[in-house]
file target14.txt (compact mmCIF, C-alpha atoms)
# COMPACT_ATOMS: atom_id res chain seq x y z
CA MET A 626 -25.48 -132.82 107.96
CA SER A 627 -28.81 -131.52 106.69
CA LYS A 628 -28.58 -128.20 108.54
CA ARG A 629 -25.13 -126.92 107.69
CA ILE A 630 -25.30 -123.48 109.29
CA ILE A 631 -26.23 -122.90 112.92
CA THR A 632 -26.93 -119.31 113.92
CA ILE A 633 -27.14 -118.48 117.60
CA SER A 634 -28.82 -115.34 118.90
CA ARG A 635 -28.74 -115.00 122.65
CA GLU A 636 -29.60 -112.95 125.68
CA PHE A 637 -26.55 -111.66 127.51
CA GLY A 638 -25.74 -114.06 130.36
CA SER A 639 -27.68 -117.00 128.89
CA GLY A 640 -24.48 -118.85 127.93
CA GLY A 641 -25.33 -118.72 124.22
CA ARG A 642 -21.73 -118.09 123.20
CA TYR A 643 -20.48 -121.01 125.31
CA LEU A 644 -23.16 -123.26 123.80
CA GLY A 645 -22.08 -122.17 120.31
CA GLU A 646 -18.42 -122.99 120.99
CA GLU A 647 -19.30 -126.41 122.37
CA ILE A 648 -21.69 -127.21 119.50
CA ALA A 649 -19.05 -126.26 116.90
CA LYS A 650 -16.44 -128.36 118.72
CA ARG A 651 -18.65 -131.45 118.99
CA LEU A 652 -19.82 -131.21 115.38
CA GLY A 653 -16.29 -130.45 114.21
CA ILE A 654 -17.35 -127.36 112.26
CA ASP A 655 -16.14 -123.76 112.02
CA TYR A 656 -17.05 -121.21 114.66
CA TYR A 657 -17.51 -117.50 114.02
CA ASP A 658 -17.82 -114.91 116.71
CA LYS A 659 -14.89 -112.51 117.16
CA GLU A 660 -13.53 -114.12 113.98
CA ILE A 661 -16.07 -112.00 112.10
CA LEU A 662 -14.69 -108.84 113.71
CA VAL A 663 -11.19 -109.79 112.56
CA LYS A 664 -12.37 -110.20 108.98
CA VAL A 665 -14.35 -106.94 109.03
CA ALA A 666 -11.25 -105.19 110.40
CA GLU A 667 -9.17 -106.63 107.55
CA LYS A 668 -11.66 -105.48 104.91
CA THR A 669 -12.24 -101.99 106.31
CA GLY A 670 -8.90 -101.11 107.86
CA LEU A 671 -10.76 -100.13 111.05
CA SER A 672 -9.71 -101.37 114.47
CA GLN A 673 -11.47 -104.37 116.01
CA LYS A 674 -12.21 -102.35 119.10
CA TYR A 675 -13.99 -99.65 117.11
CA ILE A 676 -15.98 -102.22 115.12
CA GLU A 677 -16.99 -103.92 118.33
CA GLN A 678 -18.20 -100.63 119.76
CA VAL A 679 -20.32 -99.77 116.75
CA GLY A 680 -21.61 -103.31 116.19
CA GLU A 681 -23.81 -105.45 118.41
CA GLY A 682 -20.91 -106.84 120.40
CA ALA A 683 -20.37 -103.92 122.72
CA PRO A 684 -22.38 -103.95 125.87
CA HIS A 685 -21.75 -100.36 126.88
CA LYS A 686 -23.24 -98.19 124.16
CA HIS A 687 -26.66 -97.69 122.72
CA HIS A 688 -26.91 -98.49 119.04
CA LEU A 689 -29.45 -95.84 118.12
CA SER A 690 -26.96 -93.09 118.88
CA TYR A 691 -24.92 -94.43 115.97
CA SER A 692 -27.87 -94.57 113.65
CA PHE A 693 -28.29 -90.84 113.49
CA VAL A 694 -24.73 -89.54 113.62
CA GLY A 695 -21.67 -89.93 111.43
CA ARG A 696 -23.61 -90.25 108.19
CA ASP A 697 -21.76 -89.51 104.96
CA SER A 698 -23.13 -87.56 101.96
CA THR A 699 -25.17 -90.60 100.84
CA GLY A 700 -26.91 -90.75 104.21
CA ALA A 701 -25.09 -93.95 105.21
CA SER A 702 -23.66 -94.07 108.73
CA MET A 703 -20.46 -95.80 109.77
CA GLY A 704 -22.69 -98.42 111.43
CA ASP A 705 -24.50 -99.04 108.12
CA TYR A 706 -21.17 -99.34 106.28
CA MET A 707 -19.77 -101.82 108.75
CA ASP A 708 -22.97 -103.84 108.72
CA THR A 709 -22.68 -104.09 104.93
CA ILE A 710 -19.15 -105.45 105.22
CA GLN A 711 -20.16 -107.74 108.08
CA ARG A 712 -23.06 -109.04 106.00
CA LYS A 713 -20.61 -109.99 103.23
CA VAL A 714 -18.31 -111.73 105.71
CA ILE A 715 -21.25 -113.75 107.09
CA LEU A 716 -22.48 -114.75 103.60
CA GLU A 717 -18.93 -115.84 102.67
CA ALA A 718 -18.53 -117.82 105.91
CA ALA A 719 -21.80 -119.67 105.25
CA ASP A 720 -20.76 -120.41 101.66
CA LYS A 721 -17.43 -121.79 102.84
CA GLY A 722 -18.91 -124.69 104.79
CA PRO A 723 -20.79 -125.87 107.89
CA CYS A 724 -20.38 -123.48 110.82
CA VAL A 725 -21.78 -121.87 113.93
CA ILE A 726 -22.26 -118.09 113.77
CA ILE A 727 -22.88 -116.10 116.95
CA GLY A 728 -25.21 -113.07 116.85
CA ARG A 729 -24.87 -110.31 114.25
CA CYS A 730 -28.34 -110.92 112.74
CA ALA A 731 -26.92 -113.97 110.93
CA ASP A 732 -30.33 -115.69 111.02
CA TYR A 733 -31.77 -112.77 109.03
CA ILE A 734 -28.76 -112.31 106.73
CA LEU A 735 -28.91 -116.00 105.76
CA ARG A 736 -32.73 -116.18 105.53
CA GLU A 737 -32.70 -117.19 101.85
CA ARG A 738 -30.77 -120.39 102.65
CA THR A 739 -32.70 -123.55 103.51
CA ASP A 740 -29.85 -125.18 105.43
CA CYS A 741 -29.86 -122.94 108.51
CA LEU A 742 -30.87 -123.91 112.01
CA ASN A 743 -31.65 -120.67 113.83
CA ILE A 744 -31.33 -120.83 117.60
CA PHE A 745 -32.26 -118.29 120.27
CA VAL A 746 -30.88 -118.84 123.76
CA CYS A 747 -32.54 -117.12 126.71
CA GLY A 748 -32.42 -117.67 130.45
CA ASN A 749 -33.93 -116.75 133.78
CA GLU A 750 -32.95 -113.48 135.45
CA LYS A 751 -31.36 -115.15 138.49
CA GLU A 752 -29.11 -117.56 136.58
CA LYS A 753 -28.08 -114.96 133.98
CA THR A 754 -27.15 -112.47 136.70
CA LYS A 755 -25.07 -115.09 138.51
CA ARG A 756 -23.23 -116.00 135.31
CA ILE A 757 -22.42 -112.37 134.49
CA MET A 758 -21.22 -111.69 138.05
CA GLU A 759 -18.82 -114.63 137.81
CA LEU A 760 -17.61 -114.06 134.25
CA TYR A 761 -17.01 -110.31 134.60
CA ASN A 762 -16.31 -110.18 138.34
CA LEU A 763 -19.17 -107.76 139.01
CA SER A 764 -21.55 -107.04 141.87
CA GLU A 765 -25.17 -108.07 141.46
CA THR A 766 -26.23 -104.47 140.74
CA GLU A 767 -23.47 -104.01 138.15
CA ALA A 768 -24.29 -107.34 136.50
CA LYS A 769 -27.99 -106.48 136.23
CA LYS A 770 -27.18 -103.07 134.77
CA LEU A 771 -24.77 -104.53 132.21
CA MET A 772 -27.30 -107.22 131.31
CA LYS A 773 -30.06 -104.68 130.76
CA GLU A 774 -27.86 -102.39 128.65
CA THR A 775 -26.40 -105.20 126.55
CA ASN A 776 -29.74 -106.83 125.83
CA LYS A 777 -31.24 -103.46 124.94
CA LYS A 778 -28.39 -102.86 122.50
CA ARG A 779 -28.76 -106.31 120.93
CA ARG A 780 -32.51 -105.87 120.63
CA VAL A 781 -32.23 -102.43 119.04
CA HIS A 782 -29.50 -103.57 116.64
CA TYR A 783 -31.46 -106.67 115.60
CA GLU A 784 -34.75 -104.87 115.17
CA TYR A 785 -33.15 -101.97 113.27
CA TYR A 786 -31.58 -104.27 110.70
CA THR A 787 -34.12 -107.05 110.43
CA GLU A 788 -37.47 -105.37 111.17
CA GLN A 789 -38.23 -108.51 113.16
CA ARG A 790 -38.66 -108.80 116.91
CA TRP A 791 -35.59 -110.06 118.76
CA GLY A 792 -36.38 -113.16 120.82
CA GLU A 793 -39.83 -113.67 119.24
CA SER A 794 -40.08 -117.45 118.88
CA CYS A 795 -41.45 -117.45 115.33
CA ASN A 796 -38.17 -115.95 114.04
CA TYR A 797 -36.13 -119.01 115.07
CA SER A 798 -36.17 -122.78 114.57
CA ILE A 799 -35.83 -123.38 118.29
CA CYS A 800 -35.56 -121.22 121.41
CA LEU A 801 -33.94 -122.68 124.48
CA ASN A 802 -34.12 -121.41 128.04
CA SER A 803 -30.69 -122.50 129.26
CA SER A 804 -31.65 -121.97 132.94
CA ASP A 805 -34.63 -124.34 132.64
CA ILE A 806 -33.04 -126.92 130.35
CA GLY A 807 -29.36 -126.83 131.30
CA TYR A 808 -26.35 -126.21 129.06
CA GLU A 809 -25.59 -129.87 128.37
CA LYS A 810 -29.12 -130.67 127.25
CA CYS A 811 -29.21 -127.55 125.03
CA ILE A 812 -25.98 -128.67 123.33
CA GLU A 813 -27.33 -132.22 122.84
CA ILE A 814 -30.60 -130.96 121.32
CA VAL A 815 -28.89 -128.63 118.83
CA CYS A 816 -26.23 -131.18 117.81
CA ASP A 817 -28.92 -133.78 117.29
CA LEU A 818 -31.06 -131.40 115.19
CA ALA A 819 -28.06 -130.39 113.09
CA LYS A 820 -27.18 -134.01 112.36
CA ASN A 821 -30.68 -135.28 111.55
CA MET B 638 -40.27 -137.61 135.89
CA SER B 639 -38.65 -134.37 137.02
CA LYS B 640 -40.97 -132.11 135.03
CA ARG B 641 -44.41 -133.38 135.89
CA ILE B 642 -46.50 -130.77 134.12
CA ILE B 643 -46.12 -129.89 130.45
CA THR B 644 -47.94 -126.79 129.27
CA ILE B 645 -48.26 -126.23 125.54
CA SER B 646 -49.05 -122.83 124.05
CA ARG B 647 -49.25 -122.81 120.29
CA GLU B 648 -49.89 -120.85 117.15
CA PHE B 649 -53.00 -121.99 115.31
CA GLY B 650 -51.96 -124.46 112.59
CA SER B 651 -48.62 -125.32 114.18
CA GLY B 652 -49.81 -128.77 115.28
CA GLY B 653 -49.34 -127.92 118.96
CA ARG B 654 -52.46 -129.77 120.03
CA TYR B 655 -51.44 -132.88 118.08
CA LEU B 656 -47.97 -132.73 119.65
CA GLY B 657 -49.57 -132.46 123.11
CA GLU B 658 -51.76 -135.52 122.52
CA GLU B 659 -48.82 -137.58 121.31
CA ILE B 660 -46.56 -136.45 124.17
CA ALA B 661 -49.22 -137.36 126.77
CA LYS B 662 -49.75 -140.75 125.10
CA ARG B 663 -46.05 -141.60 124.95
CA LEU B 664 -45.39 -140.48 128.53
CA GLY B 665 -48.57 -142.19 129.72
CA ILE B 666 -49.87 -139.08 131.48
CA ASP B 667 -53.16 -137.15 131.56
CA TYR B 668 -54.09 -134.79 128.77
CA TYR B 669 -56.21 -131.65 129.22
CA ASP B 670 -57.64 -129.65 126.39
CA LYS B 671 -61.41 -129.78 125.85
CA GLU B 672 -61.44 -131.75 129.12
CA ILE B 673 -60.97 -128.39 130.85
CA LEU B 674 -64.05 -127.01 129.10
CA VAL B 675 -66.07 -129.97 130.34
CA LYS B 676 -65.00 -129.33 133.93
CA VAL B 677 -65.66 -125.59 133.66
CA ALA B 678 -69.11 -126.37 132.25
CA GLU B 679 -69.80 -128.69 135.19
CA LYS B 680 -68.75 -126.06 137.72
CA THR B 681 -70.58 -123.14 136.12
CA GLY B 682 -73.62 -124.76 134.57
CA LEU B 683 -72.81 -122.94 131.31
CA SER B 684 -72.70 -124.74 127.98
CA GLN B 685 -69.35 -125.91 126.59
CA LYS B 686 -70.05 -124.06 123.37
CA TYR B 687 -70.54 -120.78 125.19
CA ILE B 688 -67.41 -121.30 127.29
CA GLU B 689 -65.44 -122.06 124.17
CA GLN B 690 -66.66 -118.85 122.54
CA VAL B 691 -65.73 -116.65 125.48
CA GLY B 692 -62.44 -118.46 126.20
CA GLU B 693 -59.32 -118.68 124.08
CA GLY B 694 -60.56 -121.75 122.22
CA ALA B 695 -62.85 -120.01 119.79
CA PRO B 696 -61.25 -118.87 116.58
CA HIS B 697 -64.06 -116.60 115.42
CA LYS B 698 -64.45 -113.88 117.98
CA HIS B 699 -62.24 -111.17 119.32
CA HIS B 700 -61.59 -111.40 123.04
CA LEU B 701 -61.48 -107.70 123.72
CA SER B 702 -65.14 -107.37 122.83
CA TYR B 703 -65.86 -109.54 125.87
CA SER B 704 -63.62 -107.53 128.12
CA PHE B 705 -65.83 -104.48 128.03
CA VAL B 706 -69.32 -105.93 127.92
CA GLY B 707 -71.39 -108.15 130.19
CA ARG B 708 -69.79 -106.94 133.39
CA ASP B 709 -71.73 -107.45 136.62
CA SER B 710 -72.09 -104.94 139.45
CA THR B 711 -68.56 -105.78 140.75
CA GLY B 712 -67.07 -104.91 137.37
CA ALA B 713 -66.27 -108.55 136.57
CA SER B 714 -67.19 -109.78 133.09
CA MET B 715 -68.42 -113.25 132.22
CA GLY B 716 -64.97 -113.81 130.68
CA ASP B 717 -63.30 -112.92 133.98
CA TYR B 718 -65.64 -115.24 135.88
CA MET B 719 -64.99 -118.18 133.58
CA ASP B 720 -61.26 -117.55 133.67
CA THR B 721 -61.40 -117.73 137.47
CA ILE B 722 -63.14 -121.10 137.32
CA GLN B 723 -60.80 -122.29 134.58
CA ARG B 724 -57.81 -121.25 136.67
CA LYS B 725 -59.07 -123.44 139.54
CA VAL B 726 -59.60 -126.38 137.19
CA ILE B 727 -56.03 -126.04 135.88
CA LEU B 728 -54.53 -125.79 139.39
CA GLU B 729 -56.48 -128.90 140.42
CA ALA B 730 -55.40 -130.81 137.31
CA ALA B 731 -51.74 -130.01 138.01
CA ASP B 732 -52.11 -131.08 141.64
CA LYS B 733 -53.69 -134.37 140.60
CA GLY B 734 -50.62 -135.67 138.75
CA PRO B 735 -48.34 -135.47 135.71
CA CYS B 736 -50.18 -134.09 132.69
CA VAL B 737 -50.12 -132.10 129.46
CA ILE B 738 -52.27 -128.95 129.42
CA ILE B 739 -53.04 -127.20 126.14
CA GLY B 740 -53.28 -123.40 126.03
CA ARG B 741 -55.43 -121.43 128.50
CA CYS B 742 -52.46 -119.52 129.99
CA ALA B 743 -51.54 -122.66 131.97
CA ASP B 744 -47.85 -121.69 131.91
CA TYR B 745 -48.74 -118.46 133.72
CA ILE B 746 -51.35 -119.97 136.04
CA LEU B 747 -48.81 -122.59 137.20
CA ARG B 748 -45.83 -120.20 137.35
CA GLU B 749 -45.26 -120.79 141.08
CA ARG B 750 -44.58 -124.50 140.49
CA THR B 751 -41.03 -125.65 139.76
CA ASP B 752 -42.06 -128.86 137.98
CA CYS B 753 -43.46 -127.32 134.79
CA LEU B 754 -41.99 -127.54 131.34
CA ASN B 755 -43.49 -124.69 129.34
CA ILE B 756 -43.55 -125.20 125.58
CA PHE B 757 -44.48 -122.83 122.78
CA VAL B 758 -45.09 -124.32 119.34
CA CYS B 759 -44.91 -122.09 116.28
CA GLY B 760 -44.57 -122.77 112.56
CA ASN B 761 -43.97 -121.26 109.17
CA GLU B 762 -46.84 -119.53 107.34
CA LYS B 763 -46.87 -121.98 104.42
CA GLU B 764 -47.01 -125.17 106.49
CA LYS B 765 -49.53 -123.79 108.96
CA THR B 766 -51.84 -122.66 106.15
CA LYS B 767 -51.63 -126.08 104.51
CA ARG B 768 -52.47 -127.83 107.77
CA ILE B 769 -55.50 -125.59 108.43
CA MET B 770 -56.78 -126.06 104.86
CA GLU B 771 -56.65 -129.84 105.28
CA LEU B 772 -58.01 -130.02 108.84
CA TYR B 773 -60.92 -127.63 108.30
CA ASN B 774 -61.47 -128.18 104.57
CA LEU B 775 -60.89 -124.51 103.74
CA SER B 776 -59.52 -122.54 100.80
CA GLU B 777 -56.11 -120.90 101.19
CA THR B 778 -57.72 -117.48 101.69
CA GLU B 779 -60.14 -118.81 104.31
CA ALA B 780 -57.37 -120.68 106.13
CA LYS B 781 -55.17 -117.58 106.29
CA LYS B 782 -58.06 -115.48 107.57
CA LEU B 783 -58.93 -118.03 110.26
CA MET B 784 -55.28 -118.35 111.25
CA LYS B 785 -54.89 -114.60 111.63
CA GLU B 786 -58.10 -114.22 113.65
CA THR B 787 -57.40 -117.18 115.92
CA ASN B 788 -53.83 -116.17 116.67
CA LYS B 789 -54.94 -112.61 117.35
CA LYS B 790 -57.53 -113.92 119.80
CA ARG B 791 -55.02 -116.19 121.53
CA ARG B 792 -52.49 -113.36 121.75
CA VAL B 793 -55.00 -110.90 123.17
CA HIS B 794 -56.34 -113.44 125.66
CA TYR B 795 -52.84 -114.42 126.84
CA GLU B 796 -51.57 -110.87 127.12
CA TYR B 797 -54.74 -109.67 128.89
CA TYR B 798 -54.45 -112.31 131.62
CA THR B 799 -50.69 -112.69 131.97
CA GLU B 800 -49.27 -109.25 131.10
CA GLN B 801 -46.59 -111.21 129.26
CA ARG B 802 -46.01 -111.32 125.53
CA TRP B 803 -47.44 -114.39 123.79
CA GLY B 804 -44.74 -116.31 121.87
CA GLU B 805 -41.85 -114.31 123.41
CA SER B 806 -39.19 -116.96 123.96
CA CYS B 807 -38.24 -115.87 127.49
CA ASN B 808 -41.71 -116.85 128.77
CA TYR B 809 -41.21 -120.54 127.94
CA SER B 810 -38.70 -123.33 128.63
CA ILE B 811 -38.47 -124.19 124.95
CA CYS B 812 -40.05 -122.90 121.74
CA LEU B 813 -40.24 -125.23 118.76
CA ASN B 814 -40.88 -124.33 115.13
CA SER B 815 -42.71 -127.48 114.03
CA SER B 816 -42.27 -126.63 110.32
CA ASP B 817 -38.47 -126.43 110.68
CA ILE B 818 -38.01 -129.28 113.13
CA GLY B 819 -40.81 -131.69 112.22
CA TYR B 820 -43.53 -133.10 114.51
CA GLU B 821 -41.71 -136.31 115.36
CA LYS B 822 -38.55 -134.52 116.49
CA CYS B 823 -40.58 -132.01 118.53
CA ILE B 824 -42.29 -134.90 120.35
CA GLU B 825 -38.95 -136.64 121.00
CA ILE B 826 -37.35 -133.47 122.39
CA VAL B 827 -40.21 -132.74 124.78
CA CYS B 828 -40.56 -136.36 125.99
CA ASP B 829 -36.82 -136.49 126.59
CA LEU B 830 -36.83 -133.20 128.52
CA ALA B 831 -39.79 -134.31 130.62
CA LYS B 832 -38.07 -137.56 131.55
CA ASN B 833 -34.60 -136.18 132.35
call {"tool": "encode", "arguments": {"input": "target14.txt", "output": "structure tokens"}}
result
Amino acid sequence: MSKRIITISREFGSGGRYLGEEIAKRLGIDYYDKEILVKVAEKTGLSQKYIEQVGEGAPHKHHLSYSFVGRDSTGASMGDYMDTIQRKVILEAADKGPCVIIGRCADYILRERTDCLNIFVCGNEKEKTKRIMELYNLSETEAKKLMKETNKKRRVHYEYYTEQRWGESCNYSICLNSSDIGYEKCIEIVCDLAKN
Amino acid sequence: MSKRIITISREFGSGGRYLGEEIAKRLGIDYYDKEILVKVAEKTGLSQKYIEQVGEGAPHKHHLSYSFVGRDSTGASMGDYMDTIQRKVILEAADKGPCVIIGRCADYILRERTDCLNIFVCGNEKEKTKRIMELYNLSETEAKKLMKETNKKRRVHYEYYTEQRWGESCNYSICLNSSDIGYEKCIEIVCDLAKN
């Protein structure tokens, strides 16, 4: 495999996580999503739930609020500390062998490597809303609100740590609109690119 | 073919135009790039060179300068007028049959259709610079300058007419980094998506 590491950034509701799981399964490679949280929890002694809330995974809170509070005497916040540990976990995972890594600015963290395929998955409003309603058992209004909040949080987190624009095509190898293209075709395209 | 119309927006130097030509050839469908200029010239009586300068095709001039000068008594500028004619030409081309259309906000102009595959082609700085140096016989400094100016012009033109962000992944069906993926693979992916 010429591209050993596949990073997947994704809009909430676009099915990016599902695509990542399927791609890892079909290529027979490691998959890192919540697995990263577990490792960060091990290294820091903090609870997974807390890490999830401070990191990009939590849909309910706004990242910026963490950027300006809870700083220690060096000026580092708890968010900065956890991102440092998470960065190490991601670098170690990539060194270990071929894998799929979901979110967490992995495309940026691994930017010095030449064996990464960086994917961004987006989707159309209607299809994303439908998916969120089904997955989280929410009303349309609730799903749209959660989608807006979660994407805002992911955007702010990504842009704070990378100084790049989240979802801007030039930051990725390929961006796929899963509503237009379909999940199966997205999986096929990425698996094919990873193999060739 | 389920997606009859393929629109290709592209960063200057990414090879987007070349990809479009090859895709049209392999799918055996019409190709519109300068062909649109010819039709706009026919309809307006203006010279192709002038149209190219005012439109998004010209790499040397900044679009905004046209937005505020040369307005007639209704407040419409020559740029607005030509964009109206160009819009009609693009709608007619899409109605006529399957085709590839390069640039000119075609993705936005045809947004009401459900049979469009909207592509954005980007690339890495190094590869794009090299391509521009070779194609236009320029020094590295000249190529970088031309690239910056042309992309700025395309961005401003697109954002002025569409109120969408140029190169933002969610505005397209698929975005391809031709430096990462390679021209041949980009062509294969798009032809396959158009056929299936």
call {"tool": "closest_residue", "arguments": {"input": "target14.txt", "among": "B:Gln685, B:Thr721, B:Asn761, B:Thr766", "to": "Cys795 (chain A)", "atoms": "all atoms listed in the file"}}
result
B:Asn761
call {"tool": "closest_residue", "arguments": {"input": "target14.txt", "among": "B:Ile756, B:Val827, B:Leu813, B:Ile642", "to": "chain A", "atoms": "all atoms listed in the file"}}
result
B:Leu813
call {"tool": "interface_residues", "arguments": {"input": "target14.txt", "of": "chain B", "to": "chain A", "cutoff": "6 Å", "atoms": "only C-alpha atoms", "output": "list in words"}}
result
Cys759, Gly804, Glu805, Ser806, Cys807, Ser810, Ile811, Cys812, Leu813, Asn814 and Asp817 of chain B
call {"tool": "write_last_selection", "arguments": {"input": "target14.txt", "atoms": "C-alpha atoms", "output": "short mmCIF file (atom, residue, chain, number, x, y, z; two decimals), keeping the file's coordinate frame"}}
result
data_model
loop_
_atom_site.label_atom_id
_atom_site.label_comp_id
_atom_site.auth_asym_id
_atom_site.auth_seq_id
_atom_site.Cartn_x
_atom_site.Cartn_y
_atom_site.Cartn_z
CA CYS B 759 -44.91 -122.09 116.28
CA GLY B 804 -44.74 -116.31 121.87
CA GLU B 805 -41.85 -114.31 123.41
CA SER B 806 -39.19 -116.96 123.96
CA CYS B 807 -38.24 -115.87 127.49
CA SER B 810 -38.70 -123.33 128.63
CA ILE B 811 -38.47 -124.19 124.95
CA CYS B 812 -40.05 -122.90 121.74
CA LEU B 813 -40.24 -125.23 118.76
CA ASN B 814 -40.88 -124.33 115.13
CA ASP B 817 -38.47 -126.43 110.68
#
call {"tool": "atom_distance", "arguments": {"input": "target14.txt", "atom1": "CA of Ile727 (chain A)", "atom2": "CA of Asp658 (chain A)"}}
result
5.2 Å
call {"tool": "atom_distance", "arguments": {"input": "target14.txt", "atom1": "CA of Lys662 (chain B)", "atom2": "CA of Glu764 (chain B)"}}
result
24.4 Å
call {"tool": "atom_distance", "arguments": {"input": "target14.txt", "atom1": "CA of Gly728 (chain A)", "atom2": "CA of Tyr761 (chain A)"}}
result
19.7 Å
call {"tool": "residues_around", "arguments": {"input": "target14.txt", "residues": "Lys765 (chain B)", "least_positions_apart": "3", "cutoff": "6 Å", "atoms": "all atoms listed in the file", "output": "number ranges by chain"}}
result
B: 650-651, 762, 768
call {"tool": "closest_residue", "arguments": {"input": "target14.txt", "among": "A:Met758, A:Val663, A:Cys730, A:Leu771", "to": "Gln789 (chain A)", "atoms": "all atoms listed in the file"}}
result
A:Cys730
call {"tool": "residues_around", "arguments": {"input": "target14.txt", "residues": "Thr799 (chain B)", "least_positions_apart": "4", "cutoff": "12 Å", "atoms": "all atoms listed in the file", "output": "list in words"}}
result
Asp720, Arg741, Cys742, Ala743, Asp744, Tyr745, Ile746, Leu747, Arg748, Arg791, Arg792, Val793, His794, Tyr795, Trp803 and Asn808 of chain B
call {"tool": "residues_near_point", "arguments": {"input": "target14.txt", "point": "(-16.6, -105.9, 107.9)", "cutoff": "8 Å", "atoms": "only C-alpha atoms", "output": "compact mmCIF listing (two decimals) with C-alpha atoms, keeping the file's coordinate frame"}}
result
# COMPACT_ATOMS: atom_id res chain seq x y z
CA ILE A 661 -16.07 -112.00 112.10
CA LEU A 662 -14.69 -108.84 113.71
CA LYS A 664 -12.37 -110.20 108.98
CA VAL A 665 -14.35 -106.94 109.03
CA ALA A 666 -11.25 -105.19 110.40
CA GLU A 667 -9.17 -106.63 107.55
CA LYS A 668 -11.66 -105.48 104.91
CA THR A 669 -12.24 -101.99 106.31
CA MET A 707 -19.77 -101.82 108.75
CA ASP A 708 -22.97 -103.84 108.72
CA THR A 709 -22.68 -104.09 104.93
CA ILE A 710 -19.15 -105.45 105.22
CA GLN A 711 -20.16 -107.74 108.08
CA ARG A 712 -23.06 -109.04 106.00
CA LYS A 713 -20.61 -109.99 103.23
CA VAL A 714 -18.31 -111.73 105.71
call {"tool": "residues_around", "arguments": {"input": "target14.txt", "residues": "Ile769 (chain B)", "least_positions_apart": "6", "cutoff": "10 Å", "atoms": "all atoms listed in the file", "output": "number ranges by chain"}}
result
B: 649-652, 775-777, 779-781, 783-784
